[in-house]
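Q: Supplied structure: input27.csv, CSV, C-alpha atoms and all ligand atoms.
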```csv
chain,number,residue,atom,x,y,z
Z,682,MET,CA,7.5,-20.3,-30.4
Z,683,VAL,CA,8.9,-17.0,-29.1
Z,684,ILE,CA,12.5,-18.2,-29.1
Z,685,LYS,CA,14.2,-19.9,-32.1
Z,686,GLN,CA,15.1,-23.5,-31.3
Z,687,THR,CA,18.6,-22.9,-32.8
Z,688,ILE,CA,19.3,-20.2,-30.2
Z,689,ALA,CA,18.1,-22.4,-27.3
Z,690,ASP,CA,20.2,-25.2,-28.6
Z,691,GLU,CA,23.3,-23.0,-29.0
Z,692,ILE,CA,22.9,-21.7,-25.4
Z,693,LYS,CA,22.4,-25.2,-24.1
Z,694,GLU,CA,25.5,-26.4,-25.9
Z,695,ARG,CA,27.7,-23.6,-24.7
Z,696,ILE,CA,26.6,-24.2,-21.1
Z,697,MET,CA,27.2,-28.0,-21.4
Z,698,ALA,CA,30.7,-27.3,-22.8
Z,699,ALA,CA,31.6,-24.8,-20.0
Z,700,ARG,CA,33.7,-25.6,-16.9
Z,701,HIS,CA,32.8,-22.6,-14.8
Z,702,VAL,CA,30.0,-20.1,-15.7
Z,703,LEU,CA,29.9,-16.5,-14.3
Z,704,VAL,CA,26.4,-15.0,-14.1
Z,705,VAL,CA,26.1,-11.2,-13.7
Z,706,THR,CA,23.3,-8.7,-13.7
Z,707,HIS,CA,22.8,-4.9,-13.6
Z,708,VAL,CA,24.0,-2.7,-10.7
Z,709,ASN,CA,21.3,-1.5,-8.3
Z,710,PRO,CA,19.6,-4.9,-8.9
Z,711,ASP,CA,15.8,-5.3,-8.7
Z,712,GLY,CA,13.7,-8.5,-8.3
Z,713,ASP,CA,14.0,-9.3,-12.0
Z,714,ALA,CA,17.8,-9.1,-11.7
Z,715,PHE,CA,18.1,-11.3,-8.6
Z,716,GLY,CA,15.3,-13.6,-9.8
Z,717,SER,CA,17.0,-14.1,-13.2
Z,718,MET,CA,20.4,-14.6,-11.7
Z,719,THR,CA,19.3,-17.3,-9.2
Z,720,ALA,CA,17.0,-18.9,-11.8
Z,721,VAL,CA,20.0,-19.4,-14.1
Z,722,GLY,CA,22.0,-20.6,-11.0
Z,723,GLY,CA,19.2,-23.2,-10.4
Z,724,VAL,CA,19.5,-24.5,-14.0
Z,725,LEU,CA,23.3,-24.6,-13.9
Z,726,LYS,CA,23.0,-26.6,-10.6
Z,727,GLN,CA,20.6,-29.0,-12.3
Z,728,MET,CA,23.0,-29.3,-15.3
Z,729,GLU,CA,25.9,-30.0,-12.8
Z,730,VAL,CA,27.9,-27.1,-14.2
Z,731,ASP,CA,30.0,-25.0,-11.7
Z,732,PHE,CA,28.9,-21.4,-11.4
Z,733,THR,CA,29.4,-18.1,-9.7
Z,734,LEU,CA,26.6,-15.5,-9.2
Z,735,ALA,CA,28.0,-12.0,-8.8
Z,736,VAL,CA,26.6,-8.4,-8.6
Z,737,ASP,CA,28.1,-5.2,-7.2
Z,738,LYS,CA,27.2,-4.9,-3.5
Z,739,GLY,CA,25.7,-8.4,-3.4
Z,740,MET,CA,22.4,-9.6,-2.2
Z,741,ASP,CA,19.5,-7.3,-1.1
Z,742,ALA,CA,17.9,-8.5,2.2
Z,743,ARG,CA,14.4,-8.1,0.6
Z,744,PHE,CA,15.2,-11.1,-1.7
Z,745,SER,CA,17.0,-13.3,0.8
Z,746,TYR,CA,14.2,-15.8,0.5
Z,747,LEU,CA,15.3,-16.7,-3.0
Z,748,PRO,CA,16.9,-20.1,-3.6
Z,749,LEU,CA,20.7,-19.7,-4.0
Z,750,ALA,CA,20.5,-16.2,-2.3
Z,751,ASP,CA,23.5,-17.2,-0.2
Z,752,ARG,CA,25.5,-17.9,-3.4
Z,753,VAL,CA,25.2,-14.3,-4.7
Z,754,ARG,CA,28.4,-12.5,-4.0
Z,755,ASP,CA,29.7,-9.0,-4.3
Z,756,GLY,CA,31.7,-8.6,-7.5
Z,757,SER,CA,33.5,-11.3,-9.3
Z,758,ASN,CA,36.8,-13.0,-8.4
Z,759,PRO,CA,39.2,-12.2,-11.3
Z,760,ARG,CA,41.6,-15.0,-10.1
Z,761,GLU,CA,39.0,-17.6,-11.0
Z,762,GLU,CA,38.9,-18.7,-14.6
Z,763,TYR,CA,35.5,-18.5,-16.1
Z,764,ASP,CA,35.0,-19.8,-19.5
Z,765,LEU,CA,31.4,-18.6,-20.1
Z,766,LEU,CA,29.7,-15.4,-19.0
Z,767,ILE,CA,25.9,-15.1,-18.8
Z,768,THR,CA,24.4,-11.6,-18.3
Z,769,VAL,CA,20.7,-11.3,-17.3
Z,770,ASP,CA,18.4,-8.3,-17.3
Z,771,GLY,CA,21.5,-6.2,-18.2
Z,772,SER,CA,20.4,-3.5,-20.6
Z,773,HIS,CA,23.9,-2.4,-21.4
Z,774,TYR,CA,27.5,-3.6,-20.5
Z,775,ASP,CA,28.0,-0.2,-18.8
Z,776,ARG,CA,25.3,-1.1,-16.4
Z,777,LEU,CA,27.0,-4.4,-15.2
Z,778,GLY,CA,29.4,-2.7,-12.9
Z,779,TYR,CA,32.7,-4.0,-11.7
Z,780,SER,CA,31.3,-7.6,-11.7
Z,781,TYR,CA,31.5,-7.4,-15.5
Z,782,ALA,CA,34.4,-4.9,-15.9
Z,783,ASP,CA,36.7,-7.5,-14.2
Z,784,VAL,CA,36.0,-10.0,-17.0
Z,785,ARG,CA,34.8,-8.0,-19.9
Z,786,ASP,CA,37.5,-9.1,-22.3
Z,787,MET,CA,36.6,-12.7,-21.6
Z,788,PRO,CA,34.4,-14.1,-24.4
Z,789,PRO,CA,32.0,-15.7,-25.0
Z,790,VAL,CA,29.0,-13.8,-23.5
Z,791,ILE,CA,25.4,-14.9,-23.5
Z,792,ASN,CA,23.2,-11.8,-23.2
Z,793,ILE,CA,19.7,-12.6,-22.0
Z,794,ASP,CA,17.5,-9.5,-21.6
Z,795,HIS,CA,14.2,-7.7,-22.4
Z,796,HIS,CA,15.3,-4.0,-22.7
Z,797,GLY,CA,14.6,-2.5,-26.1
Z,798,THR,CA,17.7,-0.3,-25.5
Z,799,ASN,CA,20.0,-3.4,-25.3
Z,800,PRO,CA,22.8,-3.0,-27.9
Z,801,ASN,CA,23.2,-6.8,-28.3
Z,802,PHE,CA,26.7,-6.7,-26.8
Z,803,GLY,CA,26.9,-10.5,-26.3
Z,804,THR,CA,28.4,-13.3,-28.4
Z,805,VAL,CA,24.9,-14.8,-28.3
Z,806,ASN,CA,22.0,-12.4,-27.8
Z,807,LEU,CA,18.6,-13.4,-26.6
Z,808,VAL,CA,16.8,-10.0,-26.2
Z,809,LEU,CA,13.0,-9.9,-26.3
Z,810,PRO,CA,11.7,-6.4,-25.6
Z,811,GLN,CA,8.1,-7.5,-26.0
Z,812,LEU,CA,8.3,-9.5,-22.8
Z,813,PRO,CA,7.8,-7.7,-19.4
Z,814,SER,CA,10.7,-9.4,-17.6
Z,815,ALA,CA,14.0,-11.1,-18.2
Z,816,CYS,CA,12.6,-13.9,-16.1
Z,817,GLU,CA,9.8,-14.5,-18.6
Z,818,VAL,CA,12.5,-14.6,-21.4
Z,819,LEU,CA,14.3,-17.2,-19.2
Z,820,TYR,CA,11.2,-19.3,-18.7
Z,821,GLU,CA,10.7,-19.5,-22.5
Z,822,LEU,CA,14.3,-20.4,-22.9
Z,823,PHE,CA,14.3,-23.1,-20.2
Z,824,VAL,CA,11.2,-24.7,-21.7
Z,825,GLN,CA,13.0,-24.9,-25.1
Z,826,MET,CA,16.2,-26.2,-23.5
Z,827,GLY,CA,14.1,-29.0,-21.9
Z,828,VAL,CA,14.9,-27.9,-18.3
Z,829,GLU,CA,12.7,-29.4,-15.6
Z,830,ILE,CA,11.3,-26.4,-13.7
Z,831,ASN,CA,11.5,-27.4,-10.1
Z,832,ALA,CA,10.1,-25.3,-7.1
Z,833,GLU,CA,13.4,-23.4,-6.7
Z,834,ILE,CA,13.7,-22.3,-10.3
Z,835,ALA,CA,10.0,-21.5,-10.3
Z,836,THR,CA,10.4,-19.3,-7.2
Z,837,SER,CA,13.2,-17.3,-8.8
Z,838,VAL,CA,11.4,-16.9,-12.2
Z,839,LEU,CA,8.1,-15.9,-10.6
Z,840,THR,CA,9.9,-13.3,-8.5
Z,841,GLY,CA,11.2,-11.4,-11.5
Z,842,MET,CA,7.9,-11.7,-13.3
Z,843,VAL,CA,6.0,-10.3,-10.3
Z,844,THR,CA,8.4,-7.4,-9.6
Z,845,ASP,CA,8.8,-6.1,-13.2
Z,846,THR,CA,5.0,-6.3,-13.8
Z,847,LEU,CA,4.2,-4.8,-10.4
Z,848,GLY,CA,2.1,-7.8,-9.7
Z,849,PHE,CA,0.8,-8.3,-13.3
Z,850,ARG,CA,-0.4,-4.8,-13.6
Z,851,THR,CA,1.8,-3.3,-16.3
Z,852,PRO,CA,0.6,-2.7,-19.9
Z,853,ASN,CA,3.0,-5.4,-21.3
Z,854,VAL,CA,1.3,-8.3,-19.5
Z,855,LYS,CA,-0.1,-10.8,-21.9
Z,856,PRO,CA,-2.2,-14.0,-21.6
Z,857,ARG,CA,1.0,-16.0,-21.9
Z,858,THR,CA,2.5,-14.1,-18.9
Z,859,LEU,CA,-0.4,-15.4,-16.7
Z,860,GLU,CA,-0.2,-18.9,-18.2
Z,861,ILE,CA,3.5,-19.0,-17.2
Z,862,ALA,CA,2.7,-17.7,-13.7
Z,863,SER,CA,0.1,-20.4,-13.3
Z,864,ALA,CA,2.6,-23.1,-14.4
Z,865,LEU,CA,5.2,-21.7,-12.0
Z,866,MET,CA,2.6,-21.9,-9.1
Z,867,ALA,CA,1.9,-25.5,-10.1
Z,868,ALA,CA,5.6,-26.2,-10.0
Z,869,GLY,CA,5.8,-25.0,-6.4
Z,870,ALA,CA,6.2,-21.2,-6.4
Z,871,ASP,CA,4.2,-19.4,-3.7
Z,872,LEU,CA,2.7,-16.3,-5.5
Z,873,PRO,CA,1.2,-14.6,-2.4
Z,874,PHE,CA,4.5,-15.0,-0.5
Z,875,ILE,CA,6.5,-13.7,-3.4
Z,876,THR,CA,4.2,-10.7,-3.8
Z,877,MET,CA,4.3,-9.9,-0.1
Z,878,HIS,CA,8.1,-10.0,0.2
Z,879,ALA,CA,9.3,-8.8,-3.3
Z,880,LEU,CA,6.7,-6.1,-3.8
Z,881,ASN,CA,4.4,-5.1,-0.9
Z,882,LEU,CA,6.6,-4.9,2.3
Z,883,GLN,CA,8.3,-1.5,2.7
Z,884,PRO,CA,10.7,-0.6,5.5
Z,885,PHE,CA,9.5,2.4,7.6
Z,886,ALA,CA,12.7,4.2,6.4
Z,887,SER,CA,11.4,4.2,2.8
Z,888,LEU,CA,8.1,5.8,3.7
Z,889,ASP,CA,10.0,8.4,5.8
Z,890,LEU,CA,12.1,9.2,2.7
Z,891,TRP,CA,9.0,9.3,0.4
Z,892,ARG,CA,7.3,11.7,2.9
Z,893,MET,CA,10.2,14.1,2.6
Z,894,MET,CA,10.4,13.8,-1.2
Z,895,LEU,CA,6.6,14.2,-1.7
Z,896,GLY,CA,6.8,17.3,0.5
Z,897,ASN,CA,8.8,18.9,-2.3
Z,898,MET,CA,6.9,17.5,-5.2
Z,899,GLN,CA,6.9,19.6,-8.4
Z,900,PHE,CA,4.5,19.6,-11.3
Z,901,GLU,CA,5.0,21.7,-14.4
Z,902,ASP,CA,3.8,21.2,-18.0
Z,903,ASP,CA,2.5,17.6,-17.5
Z,904,PHE,CA,5.8,16.6,-15.8
Z,905,ILE,CA,5.8,15.6,-12.1
Z,906,TRP,CA,8.9,14.9,-10.1
Z,907,VAL,CA,10.4,14.7,-6.6
Z,908,ALA,CA,14.1,14.9,-5.6
Z,909,ALA,CA,16.3,14.2,-2.6
Z,910,SER,CA,19.8,15.6,-2.2
Z,911,TYR,CA,22.6,13.5,-0.7
Z,912,ASP,CA,22.4,15.5,2.5
Z,913,GLU,CA,18.7,15.0,2.8
Z,914,ARG,CA,19.1,11.2,2.2
Z,915,THR,CA,21.9,10.8,4.7
Z,916,ARG,CA,20.0,12.9,7.3
Z,917,LEU,CA,17.2,10.3,7.2
Z,918,GLY,CA,19.7,7.5,7.3
Z,919,ASN,CA,18.3,6.3,4.0
Z,920,GLU,CA,21.3,6.0,1.8
Z,921,GLY,CA,20.6,2.6,0.5
Z,922,SER,CA,16.8,2.5,0.1
Z,923,GLY,CA,15.4,2.6,-3.4
Z,924,SER,CA,12.6,4.8,-4.8
Z,925,GLY,CA,11.2,2.6,-7.6
Z,926,GLY,CA,7.9,2.3,-5.7
Z,927,LEU,CA,7.7,6.1,-5.4
Z,928,SER,CA,8.4,6.5,-9.1
Z,929,SER,CA,5.5,4.1,-10.0
Z,930,LEU,CA,3.2,6.0,-7.7
Z,931,LEU,CA,4.0,9.3,-9.4
Z,932,GLY,CA,3.7,7.6,-12.8
Z,933,ASN,CA,0.1,7.0,-12.0
Z,934,VAL,CA,-0.8,10.6,-11.3
Z,935,LYS,CA,-3.8,11.2,-13.6
Z,936,GLU,CA,-3.0,14.7,-14.6
Z,937,ALA,CA,0.7,14.0,-15.4
Z,938,LYS,CA,2.2,12.5,-18.6
Z,939,MET,CA,5.7,11.7,-17.3
Z,940,ALA,CA,7.1,11.3,-13.8
Z,941,ALA,CA,10.5,11.0,-12.2
Z,942,THR,CA,12.3,10.6,-8.9
Z,943,LEU,CA,15.8,12.0,-8.5
Z,944,SER,CA,18.1,10.7,-5.8
Z,945,GLU,CA,21.6,12.0,-5.2
Z,946,VAL,CA,23.1,8.7,-4.3
Z,947,GLU,CA,26.7,10.0,-3.9
Z,948,PRO,CA,27.7,13.7,-3.8
Z,949,GLY,CA,27.3,14.8,-7.5
Z,950,ILE,CA,25.8,11.6,-8.7
Z,951,VAL,CA,22.0,11.7,-9.2
Z,952,ARG,CA,20.1,8.6,-10.1
Z,953,VAL,CA,16.9,9.2,-12.1
Z,954,SER,CA,14.0,6.9,-12.3
Z,955,LEU,CA,11.4,7.6,-14.9
Z,956,ARG,CA,7.8,6.4,-15.4
Z,957,CYS,CA,4.8,7.1,-17.7
Z,958,ARG,CA,1.7,5.4,-19.1
Z,959,PRO,CA,1.1,4.5,-22.8
Z,960,PRO,CA,1.1,6.1,-25.3
Z,961,PHE,CA,4.0,8.1,-23.8
Z,962,ASP,CA,7.5,6.8,-23.9
Z,963,VAL,CA,10.0,7.9,-21.2
Z,964,SER,CA,12.9,5.8,-22.6
Z,965,GLU,CA,13.4,8.7,-25.1
Z,966,VAL,CA,14.2,10.9,-22.1
Z,967,ALA,CA,16.5,8.3,-20.5
Z,968,VAL,CA,18.4,7.7,-23.7
Z,969,ALA,CA,18.9,11.4,-24.3
Z,970,LEU,CA,20.6,11.6,-20.9
Z,971,GLY,CA,22.8,8.6,-21.4
Z,972,GLY,CA,20.5,5.9,-19.8
Z,973,GLY,CA,18.0,3.4,-21.1
Z,974,GLY,CA,15.2,1.1,-20.1
Z,975,HIS,CA,11.6,0.4,-21.3
Z,976,PRO,CA,9.0,2.7,-22.9
Z,977,GLN,CA,7.1,3.1,-19.6
Z,978,ALA,CA,10.0,2.6,-17.0
Z,979,SER,CA,13.5,3.9,-17.6
Z,980,GLY,CA,16.4,5.4,-15.8
Z,981,CYS,CA,19.6,7.3,-16.2
Z,982,THR,CA,22.4,8.9,-14.0
Z,983,ILE,CA,23.2,12.6,-14.1
Z,984,HIS,CA,26.6,13.9,-12.8
Z,985,ASP,CA,25.6,17.2,-11.3
Z,986,THR,CA,24.1,18.7,-8.2
Z,987,VAL,CA,20.5,17.7,-7.5
Z,988,GLU,CA,19.4,21.2,-8.6
Z,989,GLY,CA,21.3,21.0,-11.9
Z,990,ALA,CA,20.0,17.5,-12.5
Z,991,GLN,CA,16.4,18.6,-11.9
Z,992,GLN,CA,16.8,21.5,-14.4
Z,993,LEU,CA,18.3,19.3,-17.1
Z,994,LEU,CA,15.8,16.5,-16.6
Z,995,ALA,CA,12.8,18.8,-16.4
Z,996,GLU,CA,13.9,20.6,-19.7
Z,997,THR,CA,14.4,17.2,-21.5
Z,998,ALA,CA,11.2,15.6,-20.2
Z,999,LYS,CA,9.0,18.6,-21.0
Z,1000,ALA,CA,10.4,18.8,-24.5
Z,1001,ALA,CA,9.7,15.1,-25.0
Z,1002,ILE,CA,6.2,15.5,-23.7
Z,1003,ARG,CA,5.6,18.4,-26.1
Z,1004,ARG,CA,7.0,16.4,-29.0
Z,1005,GLN,CA,5.2,13.2,-28.2
Z,1006,THR,CA,1.9,15.0,-27.6
Z,1007,ALA,CA,2.2,16.7,-31.0
Z,1008,ALA,CA,3.0,13.4,-32.7
Z,1009,LEU,CA,-0.2,11.8,-31.2
Z,1010,ALA,CA,-2.5,14.7,-32.2
Z,1101,LIG,P1,14.2,1.9,-12.1
Z,1101,LIG,O1,13.5,3.2,-12.2
Z,1101,LIG,O2,15.5,1.9,-11.4
Z,1101,LIG,O3,13.2,0.8,-11.5
Z,1101,LIG,O4,14.5,1.4,-13.6
Z,1101,LIG,C1,13.5,1.3,-14.5
Z,1101,LIG,C2,14.1,0.6,-15.8
Z,1101,LIG,O5,15.1,1.4,-16.4
Z,1101,LIG,C3,14.8,-0.7,-15.4
Z,1101,LIG,O6,14.4,-1.7,-16.4
Z,1101,LIG,C4,16.2,-0.4,-15.4
Z,1101,LIG,O7,17.0,-1.6,-15.8
Z,1101,LIG,C5,16.3,0.7,-16.5
Z,1101,LIG,N1,17.4,1.6,-16.1
Z,1101,LIG,C6,17.5,2.3,-15.0
Z,1101,LIG,N2,18.6,3.1,-15.0
Z,1101,LIG,C7,19.3,2.9,-16.2
Z,1101,LIG,C8,20.4,3.3,-16.8
Z,1101,LIG,N3,21.3,4.2,-16.2
Z,1101,LIG,N4,20.8,2.9,-18.0
Z,1101,LIG,C9,20.0,2.0,-18.6
Z,1101,LIG,N5,18.8,1.5,-18.1
Z,1101,LIG,C10,18.5,1.9,-16.9
Z,1102,MN,MN,16.0,-5.0,-13.7
Z,1103,MN,MN,13.8,-6.5,-16.0
```
Rewrite the structure from the file as structure tokens, please.
Ligand code: AMP
Ligand code: MN
Ligand code: MN
A:
Amino acid sequence: MVIKQTIADEIKERIMAARHVLVVTHVNPDGDAFGSMTAVGGVLKQMEVDFTLAVDKGMDARFSYLPLADRVRDGSNPREEYDLLITVDGSHYDRLGYSYADVRDMPPVINIDHHGTNPNFGTVNLVLPQLPSACEVLYELFVQMGVEINAEIATSVLTGMVTDTLGFRTPNVKPRTLEIASALMAAGADLPFITMHALNLQPFASLDLWRMMLGNMQFEDDFIWVAASYDERTRLGNEGSGSGGLSSLLGNVKEAKMAATLSEVEPGIVRVSLRCRPPFDVSEVAVALGGGGHPQASGCTIHDTVEGAQQLLAETAKAAIRRQTAALA
């Protein structure tokens, strides 16, 4: 059993005793964040406990097929009185945005996550870094809570599993991951549909942005990266689109050991997405710059111009590559 029965029991008891639960996830949410949030919503619905699902900037159209997508709201409502907070896929309380800041003094918090960099900020912490997605942590929890996995819950859970494993292709996928995926399909989740919508489909605008970024690709001392300034991004009308897919592409460049995309999302605020393949570990770079994540997929935010951020990041990443290469020799 990957989760202690005592933890599953405690989480279940706290939920059953709650009047109104607030569920939050990390800013700039991905499929695992939305999947986790709506999966917990599905379980709370089944348990007949009132709930609110809140994340900064609300739902992403890509995931609008998710059950309870219409229940995901932008930010929390501080006037409402929540008596339990559940955070999912939230590596750190600083990453939970205003949805969490509004209620951060309100205990208790159940912190359900899979980031090795999670500082266990909850009252109850269920953090399993060996699992590839928060949704997989949730599945194991639901089974031990005795939840009946219906088609809606299955669709949410499988969405997070598919997106965080890039369609079951990351090094942390285990036989158990595929066993769970199989059970979720049997429960009514449509794997090809989820893979198409959550992973494969890209708006033309994203490729337009990638083309521009790849045009300025840099490769020095085993570190490969691309960057887009705020002006370049707005010129293409691409302010909102993510570059996680582009980071993954760069992370698979055979000759490189670490890869990054830098996006100046607001003037002077540069979001960095980092990737690598085992045995290298980019979380060391992210943590050194105030971020976090997983060994092979991490991120951080640098407050500087895109030029300054590139210089700082390249220096930090190249030093980490030298150190890690030496340690492996
Ligand atoms: P991304 O490159 O945005 O797909 O993120 C890769 C992984 O790093 C995800 O698991 C994120 O949750 C995590 N991550 C990204 N940015 C940060 C940050 N600033 N602090 C902590 N974790 C982050
Ligand atoms: Mn996530
Ligand atoms: Mn995740």
Q: Could you please extract the residues within 12 Å of ligand MN 1102 (chain Z), counting all atoms listed in the file, and hand them back as a PyMOL selection string?
A: chain Z and resi 705-718+768-773+776-777+793-796+813-816+840-846+925+973-975+978-980
Q: Which of these residues is nearest to ligand MN 1103 (chain Z), using all atoms listed in the file: Z:Leu822, Z:Leu812, Z:Met866, Z:Met894?
A: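 When distances to ligand MN 1103 (chain Z) are compared using all atoms listed in the file, the smallest one comes from Z:Leu812.
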Q: Rounded to one decimal, what separation in Å do you get between atom CA of Z:Tyr911 and atom CA of Z:Pro976?
A: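 Distance reported for this atom pair: 28.2 Å.
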Q: Give the answer as one residue: which of Z:Trp891, Z:Glu988, Z:Gly949, Z:Gly778 has the shortest atom-to-atom distance to ligand LIG 1101 (chain Z), using only C-alpha atoms and all ligand atoms?
A: Z:Gly778
Q: Neighbours of stretch 831-838 of chain Z within 6 Å (all atoms listed in the file; same-chain residues fewer than 3 positions away dropped), as an MDAnalysis selection string?
A: chainID Z and resid 716 720 723 748 816 841 865 868:870
Q: Between Z:Asn758, Z:Gln991, Z:Gln977, Z:Gln883, which is the closest to ligand LIG 1101 (chain Z) once you count only C-alpha atoms and all ligand atoms?
A: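 The shortest atom-to-atom distance to ligand LIG 1101 (chain Z) comes from Z:Gln977.
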Q: What is the distance between atom CA of Z:Arg700 and atom CA of Z:Leu766, in Å to one decimal?
A: 11.2 Å
Q: So how far away is atom O1 of ligand LIG 1101 (chain Z) from atom CA of Z:Cys957, in Å?
A: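 Answer for the atom CA of Z:Cys957 to atom O1 of ligand LIG 1101 (chain Z) separation: 11.0 Å.
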Q: Z:Ser944: which residues within 12 Å, counting all atoms listed in the file, same-chain residues fewer than 6 positions away excluded, as number ranges by chain?
A: Z: 890-891, 894, 906-915, 919-925, 927-928, 950-955, 980-988, 990-991
Q: Point out the residue among Z:Leu882, Z:Leu847, Z:Ala1007, Z:Leu819 with the least atom-to-atom distance to ligand LIG 1101 (chain Z), counting only C-alpha atoms and all ligand atoms.
A: Z:Leu847
Q: Just checking: using all atoms listed in the file, which residue out of Z:Ala698, Z:Leu734, Z:Leu943, Z:Val753 ends up closest to ligand LIG 1101 (chain Z)?
A: Z:Leu943
Q: As an MDAnalysis selection string, please: the residues near Z:Lys693 (cut-off 10 Å, all atoms listed in the file, same-chain neighbours under 5 positions excluded).
A: chainID Z and resid 687:688 698 728 822:823 825:828
Q: Using only C-alpha atoms and all ligand atoms for the distances, tell me which of Z:Pro810, Z:Gly932, Z:Pro800, Z:Gly971 is nearest to ligand LIG 1101 (chain Z).
A: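 Under the stated criterion, the closest residue is Z:Gly971.
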Q: Neighbours of Z:Gly848 within 12 Å (only C-alpha atoms; same-chain residues fewer than 6 positions away dropped), as a PyMOL selection string?
A: chain Z and resi 712+813-814+839-842+854+858-859+862+872-881
Q: Please identify all polymer residues within 10 Å of Z:Ala969, counting only C-alpha atoms, omitting same-chain residues fewer than 3 positions from it, and present them as a ChimeraX atom specification.
A: /Z:964-966,972-973,981,994,997-998,1001
Q: Take the residues from that selection and write them out as a PDB file, in the frame of the given file, keeping C-alpha atoms.
A:
```
ATOM      1  CA  SER Z 964      12.900   5.800 -22.600  1.00  0.00           C
ATOM      2  CA  GLU Z 965      13.400   8.700 -25.100  1.00  0.00           C
ATOM      3  CA  VAL Z 966      14.200  10.900 -22.100  1.00  0.00           C
ATOM      4  CA  GLY Z 972      20.500   5.900 -19.800  1.00  0.00           C
ATOM      5  CA  GLY Z 973      18.000   3.400 -21.100  1.00  0.00           C
ATOM      6  CA  CYS Z 981      19.600   7.300 -16.200  1.00  0.00           C
ATOM      7  CA  LEU Z 994      15.800  16.500 -16.600  1.00  0.00           C
ATOM      8  CA  THR Z 997      14.400  17.200 -21.500  1.00  0.00           C
ATOM      9  CA  ALA Z 998      11.200  15.600 -20.200  1.00  0.00           C
ATOM     10  CA  ALA Z1001       9.700  15.100 -25.000  1.00  0.00           C
TER      11      ALA Z1001
END
```
